[in-house]
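J.: Below you will find the structure I want to go over with you.
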Amino acid sequence: MADNMTLDGPRHGPASGKTRQLVILLHGLGADGNDLIGLAPHWAEILPDAEFAAPDAPFACDMSPMGYQWFSVQDRSPAAMLAGVQSAASALNAFIDGELKRTGLSADRLALVGFSQGTMMSLYVAPRRTAEIAGVVGYSGRLVAPERLASEAVSRPPVLLVHGDSDEVVPFESMAMAEQGLSAADFTVTTLARPRLGHGIDIAGLQHGGAFLKAAFAA
């Protein structure tokens, strides 16, 4: 469990010098916060008041000599995946609470952006937070335990899902399955399929993600 673990990682901005929005970037398996903080400069122009924070996941990766993981995926059964997101949720929630307190922002000024395993964490944690955040952007991920979402969700932020149709790590079909699960639980979901893209983020995905975040904060 990650109950007593304190997360930290690189930060960027805000370009305007005044933090009015907060975007927390959650990396994938075997990476670290530096892997996603590179998205911040791409979005800083359209989100000049946003500060970006990219914490390292709480556990050392057990499938690589480097990097971190939110949870182990050596057992990918539904029960193990659910236990995994649950094991890291407390540490992530504590980080979110700490960042909101540090910046003095309310939950509606916060967005989560995840990649792969970071998307799994975002889609698990955000709906279970009492105060609704501005939105969630999930790249190349999946929705863990969709059958539990409707009964456990206490807030329903808008969600953008982006996935390459040639993803060799997280199957492209995961996006449709996540959309179905979120929609069944009354979430507003937008999806973007990227042709010939593998397990990654391309320019079109970045542009759509930035536009989604701008609209979510404006709402």
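Here's how to read the names in the structure tokens: chain A, B, ... by the order shown, residue numbers from 1 in each chain, ligand numbers from 1 in the order shown.
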Would you list the contacts of Gly114 (chain A) as a ChimeraX atom specification, taking every protein, DNA or RNA residue within 7 Å and counting only C-alpha atoms, but skipping same-chain residues closer than 3 positions in sequence?

T.: /A:25-27,118-119,122,137-139

J.: Could you name the residues that touch Tyr124 (chain A) at 12 Å or less, counting only C-alpha atoms, but leaving out those on the same chain fewer than 4 positions away, as a PyMOL selection string?

T.: chain A and resi 81-90+92-93+112+114+117-120+128-129+136+138+141-150+152-157+178+181-182

J.: Take the residues from that selection and write them out as a CSV table (one decimal), in the first residue's frame, keeping N, CA and C atoms.

T.:
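part.csv written:
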chain,number,residue,atom,x,y,z
A,81,MET,N,-5.8,-5.9,-11.1
A,81,MET,CA,-5.7,-4.5,-11.6
A,81,MET,C,-6.5,-3.6,-10.7
A,82,LEU,N,-7.7,-4.0,-10.2
A,82,LEU,CA,-8.4,-3.2,-9.3
A,82,LEU,C,-7.7,-3.0,-8.0
A,83,ALA,N,-7.1,-4.1,-7.5
A,83,ALA,CA,-6.3,-4.0,-6.3
A,83,ALA,C,-5.1,-3.0,-6.5
A,84,GLY,N,-4.6,-3.0,-7.7
A,84,GLY,CA,-3.5,-2.1,-8.0
A,84,GLY,C,-3.8,-0.7,-7.9
A,85,VAL,N,-4.9,-0.3,-8.6
A,85,VAL,CA,-5.3,1.1,-8.6
A,85,VAL,C,-5.7,1.6,-7.2
A,86,GLN,N,-6.3,0.7,-6.5
A,86,GLN,CA,-6.7,1.0,-5.1
A,86,GLN,C,-5.5,1.2,-4.2
A,87,SER,N,-4.5,0.4,-4.5
A,87,SER,CA,-3.3,0.5,-3.6
A,87,SER,C,-2.5,1.8,-3.8
A,88,ALA,N,-2.7,2.5,-5.0
A,88,ALA,CA,-2.0,3.7,-5.2
A,88,ALA,C,-2.9,4.9,-5.1
A,89,ALA,N,-4.2,4.7,-4.9
A,89,ALA,CA,-5.1,5.8,-4.9
A,89,ALA,C,-4.9,6.8,-3.7
A,90,SER,N,-4.6,6.2,-2.6
A,90,SER,CA,-4.4,7.1,-1.4
A,90,SER,C,-3.3,8.0,-1.5
A,92,LEU,N,-2.0,9.1,-4.4
A,92,LEU,CA,-2.3,10.1,-5.4
A,92,LEU,C,-3.3,11.2,-4.9
A,93,ASN,N,-4.3,10.7,-4.1
A,93,ASN,CA,-5.3,11.6,-3.5
A,93,ASN,C,-4.6,12.6,-2.6
A,112,LEU,N,-6.7,16.3,-14.5
A,112,LEU,CA,-5.8,15.2,-14.5
A,112,LEU,C,-5.5,14.8,-15.9
A,114,GLY,N,-3.5,11.7,-17.9
A,114,GLY,CA,-2.7,10.5,-17.7
A,114,GLY,C,-2.3,9.9,-19.0
A,117,GLN,N,-0.8,3.7,-17.8
A,117,GLN,CA,-1.1,3.4,-16.4
A,117,GLN,C,-1.6,4.7,-15.7
A,118,GLY,N,-1.0,5.8,-16.0
A,118,GLY,CA,-1.5,7.1,-15.5
A,118,GLY,C,-2.9,7.4,-15.8
A,119,THR,N,-3.4,7.0,-17.0
A,119,THR,CA,-4.8,7.1,-17.4
A,119,THR,C,-5.7,6.2,-16.5
A,120,MET,N,-5.2,5.0,-16.2
A,120,MET,CA,-6.0,4.1,-15.3
A,120,MET,C,-6.1,4.7,-14.0
A,128,ARG,N,-14.0,9.4,-7.9
A,128,ARG,CA,-14.3,9.0,-6.5
A,128,ARG,C,-13.9,10.2,-5.6
A,129,ARG,N,-13.5,11.3,-6.1
A,129,ARG,CA,-13.3,12.5,-5.3
A,129,ARG,C,-14.6,13.3,-5.2
A,136,VAL,N,-10.7,15.3,-17.2
A,136,VAL,CA,-9.6,14.2,-17.3
A,136,VAL,C,-9.3,14.0,-18.7
A,138,GLY,N,-7.2,11.2,-20.9
A,138,GLY,CA,-6.5,9.9,-20.8
A,138,GLY,C,-6.0,9.5,-22.1
A,141,GLY,N,-4.9,4.5,-22.5
A,141,GLY,CA,-5.1,3.8,-21.2
A,141,GLY,C,-6.3,2.9,-21.3
A,142,ARG,N,-6.9,2.6,-20.1
A,142,ARG,CA,-8.1,1.8,-20.0
A,142,ARG,C,-8.8,2.2,-18.7
A,143,LEU,N,-10.0,1.8,-18.6
A,143,LEU,CA,-10.9,2.0,-17.4
A,143,LEU,C,-10.9,0.7,-16.6
A,144,VAL,N,-10.3,0.7,-15.4
A,144,VAL,CA,-10.3,-0.4,-14.6
A,144,VAL,C,-11.6,-0.6,-13.8
A,145,ALA,N,-12.1,-1.8,-13.7
A,145,ALA,CA,-13.4,-2.1,-13.0
A,145,ALA,C,-14.5,-1.2,-13.4
A,146,PRO,N,-14.9,-1.2,-14.7
A,146,PRO,CA,-16.0,-0.4,-15.2
A,146,PRO,C,-17.3,-0.7,-14.5
A,147,GLU,N,-17.5,-2.0,-14.1
A,147,GLU,CA,-18.7,-2.4,-13.5
A,147,GLU,C,-19.0,-1.8,-12.1
A,148,ARG,N,-17.9,-1.2,-11.5
A,148,ARG,CA,-18.1,-0.6,-10.2
A,148,ARG,C,-18.3,0.9,-10.3
A,149,LEU,N,-18.1,1.5,-11.5
A,149,LEU,CA,-18.1,3.0,-11.6
A,149,LEU,C,-19.4,3.6,-11.2
A,150,ALA,N,-20.5,3.2,-11.8
A,150,ALA,CA,-21.8,3.8,-11.6
A,150,ALA,C,-22.1,3.9,-10.1
A,152,GLU,N,-19.9,3.7,-7.5
A,152,GLU,CA,-18.9,4.3,-6.7
A,152,GLU,C,-18.6,5.8,-7.1
A,153,ALA,N,-19.0,6.2,-8.2
A,153,ALA,CA,-18.7,7.6,-8.6
A,153,ALA,C,-19.5,8.6,-7.8
A,154,VAL,N,-18.8,9.6,-7.3
A,154,VAL,CA,-19.5,10.7,-6.5
A,154,VAL,C,-19.3,12.0,-7.3
A,155,SER,N,-18.5,12.0,-8.3
A,155,SER,CA,-18.5,13.2,-9.2
A,155,SER,C,-18.2,12.7,-10.6
A,156,ARG,N,-18.6,13.5,-11.6
A,156,ARG,CA,-18.5,13.1,-13.0
A,156,ARG,C,-17.9,14.2,-13.9
A,157,PRO,N,-16.6,14.4,-13.8
A,157,PRO,CA,-15.9,15.3,-14.7
A,157,PRO,C,-16.0,14.9,-16.1
A,178,ALA,N,-13.6,1.7,-22.4
A,178,ALA,CA,-13.6,2.8,-21.4
A,178,ALA,C,-14.8,3.7,-21.7
A,181,GLY,N,-18.0,2.1,-20.6
A,181,GLY,CA,-18.2,2.1,-19.2
A,181,GLY,C,-18.4,3.5,-18.6
A,182,LEU,N,-17.8,4.5,-19.1
A,182,LEU,CA,-18.0,5.9,-18.6
A,182,LEU,C,-19.4,6.4,-19.0

J.: Residues of region 5-189 of chain A in strand (DSSP E or B) according to DSSP, as a PyMOL selection string?

T.: chain A and resi 11-12+21-26+31+50-53+59-60+68-69+110-115+135-139+159-164+189

J.: Give me a file of those residues, with N, CA and C atoms, as a short mmCIF file (atom, residue, chain, number, x, y, z; two decimals), in the first residue's frame.

T.:
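Okay, this is what ended up in selection-v5.cif:
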data_model
loop_
_atom_site.label_atom_id
_atom_site.label_comp_id
_atom_site.auth_asym_id
_atom_site.auth_seq_id
_atom_site.Cartn_x
_atom_site.Cartn_y
_atom_site.Cartn_z
N ARG A 11 7.84 20.30 -11.89
CA ARG A 11 6.75 21.24 -12.13
C ARG A 11 7.15 22.20 -13.23
N HIS A 12 6.14 22.85 -13.81
CA HIS A 12 6.38 23.81 -14.90
C HIS A 12 5.34 24.91 -14.85
N GLN A 21 -4.84 27.75 -12.50
CA GLN A 21 -5.27 26.41 -12.88
C GLN A 21 -4.13 25.44 -12.57
N LEU A 22 -4.47 24.18 -12.35
CA LEU A 22 -3.49 23.16 -12.03
C LEU A 22 -3.75 21.92 -12.88
N VAL A 23 -2.72 21.46 -13.57
CA VAL A 23 -2.81 20.25 -14.36
C VAL A 23 -1.80 19.25 -13.79
N ILE A 24 -2.30 18.11 -13.32
CA ILE A 24 -1.44 17.06 -12.77
C ILE A 24 -1.29 15.98 -13.83
N LEU A 25 -0.05 15.67 -14.16
CA LEU A 25 0.30 14.74 -15.24
C LEU A 25 0.78 13.42 -14.62
N LEU A 26 0.13 12.33 -15.00
CA LEU A 26 0.42 11.02 -14.41
C LEU A 26 1.03 10.09 -15.45
N ALA A 31 8.20 4.76 -16.24
CA ALA A 31 8.65 6.13 -16.52
C ALA A 31 8.73 6.90 -15.21
N ALA A 50 -1.90 28.08 -16.12
CA ALA A 50 -1.84 26.73 -15.57
C ALA A 50 -0.44 26.39 -15.08
N GLU A 51 -0.40 25.82 -13.89
CA GLU A 51 0.82 25.21 -13.38
C GLU A 51 0.70 23.71 -13.62
N PHE A 52 1.78 23.10 -14.03
CA PHE A 52 1.80 21.67 -14.33
C PHE A 52 2.68 20.95 -13.29
N ALA A 53 2.19 19.83 -12.78
CA ALA A 53 2.93 19.03 -11.82
C ALA A 53 2.90 17.58 -12.27
N PHE A 59 5.95 3.54 -6.54
CA PHE A 59 6.71 2.30 -6.43
C PHE A 59 7.75 2.18 -7.54
N ALA A 60 8.88 1.59 -7.21
CA ALA A 60 9.88 1.27 -8.23
C ALA A 60 9.30 0.24 -9.19
N TYR A 68 9.33 4.10 -12.45
CA TYR A 68 8.37 3.86 -11.37
C TYR A 68 7.07 3.28 -11.93
N GLN A 69 6.26 2.78 -11.03
CA GLN A 69 4.96 2.27 -11.41
C GLN A 69 3.93 2.66 -10.35
N LEU A 110 -8.72 22.19 -11.28
CA LEU A 110 -7.77 21.08 -11.43
C LEU A 110 -8.18 20.15 -12.56
N ALA A 111 -7.21 19.70 -13.34
CA ALA A 111 -7.43 18.65 -14.34
C ALA A 111 -6.37 17.59 -14.18
N LEU A 112 -6.72 16.35 -14.46
CA LEU A 112 -5.78 15.24 -14.47
C LEU A 112 -5.53 14.81 -15.91
N VAL A 113 -4.27 14.58 -16.23
CA VAL A 113 -3.88 14.06 -17.54
C VAL A 113 -3.04 12.81 -17.30
N GLY A 114 -3.46 11.70 -17.87
CA GLY A 114 -2.72 10.46 -17.67
C GLY A 114 -2.27 9.85 -18.99
N PHE A 115 -1.19 9.09 -18.90
CA PHE A 115 -0.74 8.29 -20.04
C PHE A 115 -0.64 6.84 -19.58
N GLY A 135 -11.70 18.27 -15.37
CA GLY A 135 -11.74 17.28 -16.43
C GLY A 135 -10.59 16.30 -16.35
N VAL A 136 -10.67 15.25 -17.17
CA VAL A 136 -9.64 14.22 -17.26
C VAL A 136 -9.30 13.98 -18.72
N VAL A 137 -8.01 13.97 -19.03
CA VAL A 137 -7.54 13.57 -20.35
C VAL A 137 -6.77 12.27 -20.18
N GLY A 138 -7.17 11.24 -20.91
CA GLY A 138 -6.53 9.95 -20.80
C GLY A 138 -5.96 9.49 -22.13
N TYR A 139 -4.65 9.35 -22.18
CA TYR A 139 -3.97 8.87 -23.39
C TYR A 139 -3.61 7.39 -23.21
N VAL A 159 -14.53 13.81 -19.71
CA VAL A 159 -13.36 12.98 -20.02
C VAL A 159 -13.06 13.02 -21.51
N LEU A 160 -11.79 13.15 -21.84
CA LEU A 160 -11.31 12.97 -23.21
C LEU A 160 -10.39 11.77 -23.24
N LEU A 161 -10.67 10.82 -24.13
CA LEU A 161 -9.82 9.64 -24.32
C LEU A 161 -9.18 9.70 -25.70
N VAL A 162 -7.87 9.49 -25.74
CA VAL A 162 -7.12 9.50 -27.00
C VAL A 162 -6.31 8.22 -27.08
N HIS A 163 -6.35 7.54 -28.22
CA HIS A 163 -5.68 6.24 -28.32
C HIS A 163 -5.24 5.99 -29.76
N GLY A 164 -4.03 5.49 -29.91
CA GLY A 164 -3.55 5.10 -31.23
C GLY A 164 -4.11 3.76 -31.65
N VAL A 189 -18.20 11.86 -22.35
CA VAL A 189 -16.94 11.33 -22.87
C VAL A 189 -16.74 11.73 -24.32
#

J.: Determine the nearest neighbour of Ser174 (chain A) from the options A:Thr130, A:Thr188, A:Gly33, A:Ala193, counting only C-alpha atoms.

T.: A:Ala193

J.: Extract, using only C-alpha atoms, all DNA, RNA and protein residues at most 9 Å from Val73 (chain A), discarding same-chain residues fewer than 2 positions from it, and format them as a PDB file with N, CA and C atoms, in the first residue's frame.

T.:
ATOM      1  N   LEU A  29       3.820   3.201 -16.887  1.00  0.00           N
ATOM      2  CA  LEU A  29       4.674   2.189 -16.268  1.00  0.00           C
ATOM      3  C   LEU A  29       6.123   2.342 -16.712  1.00  0.00           C
ATOM      4  N   ASP A  62       8.733  -2.925 -11.245  1.00  0.00           N
ATOM      5  CA  ASP A  62       9.188  -4.295 -11.050  1.00  0.00           C
ATOM      6  C   ASP A  62       9.412  -5.033 -12.373  1.00  0.00           C
ATOM      7  N   MET A  63       9.310  -4.299 -13.489  1.00  0.00           N
ATOM      8  CA  MET A  63       9.548  -4.909 -14.799  1.00  0.00           C
ATOM      9  C   MET A  63      10.685  -4.217 -15.544  1.00  0.00           C
ATOM     10  N   GLN A  69       6.263   2.780 -11.027  1.00  0.00           N
ATOM     11  CA  GLN A  69       4.956   2.266 -11.410  1.00  0.00           C
ATOM     12  C   GLN A  69       3.930   2.661 -10.347  1.00  0.00           C
ATOM     13  N   PHE A  71       1.336   0.687  -9.933  1.00  0.00           N
ATOM     14  CA  PHE A  71       1.088  -0.639  -9.384  1.00  0.00           C
ATOM     15  C   PHE A  71       1.661  -1.661 -10.346  1.00  0.00           C
ATOM     16  N   ASP A  75       0.482  -9.368 -12.876  1.00  0.00           N
ATOM     17  CA  ASP A  75      -0.804 -10.083 -12.887  1.00  0.00           C
ATOM     18  C   ASP A  75      -1.833  -9.090 -13.446  1.00  0.00           C
ATOM     19  N   ARG A  76      -2.360  -9.371 -14.626  1.00  0.00           N
ATOM     20  CA  ARG A  76      -3.280  -8.439 -15.273  1.00  0.00           C
ATOM     21  C   ARG A  76      -4.734  -8.901 -15.175  1.00  0.00           C
ATOM     22  N   SER A  77      -5.025  -9.755 -14.241  1.00  0.00           N
ATOM     23  CA  SER A  77      -6.411 -10.162 -14.023  1.00  0.00           C
ATOM     24  C   SER A  77      -7.205  -8.962 -13.526  1.00  0.00           C
ATOM     25  N   ALA A  80      -6.619  -8.195  -9.848  1.00  0.00           N
ATOM     26  CA  ALA A  80      -5.302  -7.644  -9.550  1.00  0.00           C
ATOM     27  C   ALA A  80      -5.192  -6.196 -10.009  1.00  0.00           C
ATOM     28  N   MET A  81      -5.778  -5.874 -11.147  1.00  0.00           N
ATOM     29  CA  MET A  81      -5.739  -4.496 -11.632  1.00  0.00           C
ATOM     30  C   MET A  81      -6.523  -3.582 -10.698  1.00  0.00           C
ATOM     31  N   GLY A  84      -4.585  -3.010  -7.686  1.00  0.00           N
ATOM     32  CA  GLY A  84      -3.466  -2.127  -7.995  1.00  0.00           C
ATOM     33  C   GLY A  84      -3.836  -0.659  -7.941  1.00  0.00           C
TER      34      GLY A  84
END

J.: Quick check, in Å to one decimal: how far apart do CA of Pro171 (chain A) and CA of Leu192 (chain A) lie?

T.: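 Answer for the CA of Pro171 (chain A) to CA of Leu192 (chain A) separation: 14.5 Å.
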
J.: Taking into account only C-alpha atoms, which residue in the set A:Gly30, A:Ala131, A:Leu197, A:Pro158 is nearest to Ser183 (chain A)?

T.: A:Pro158
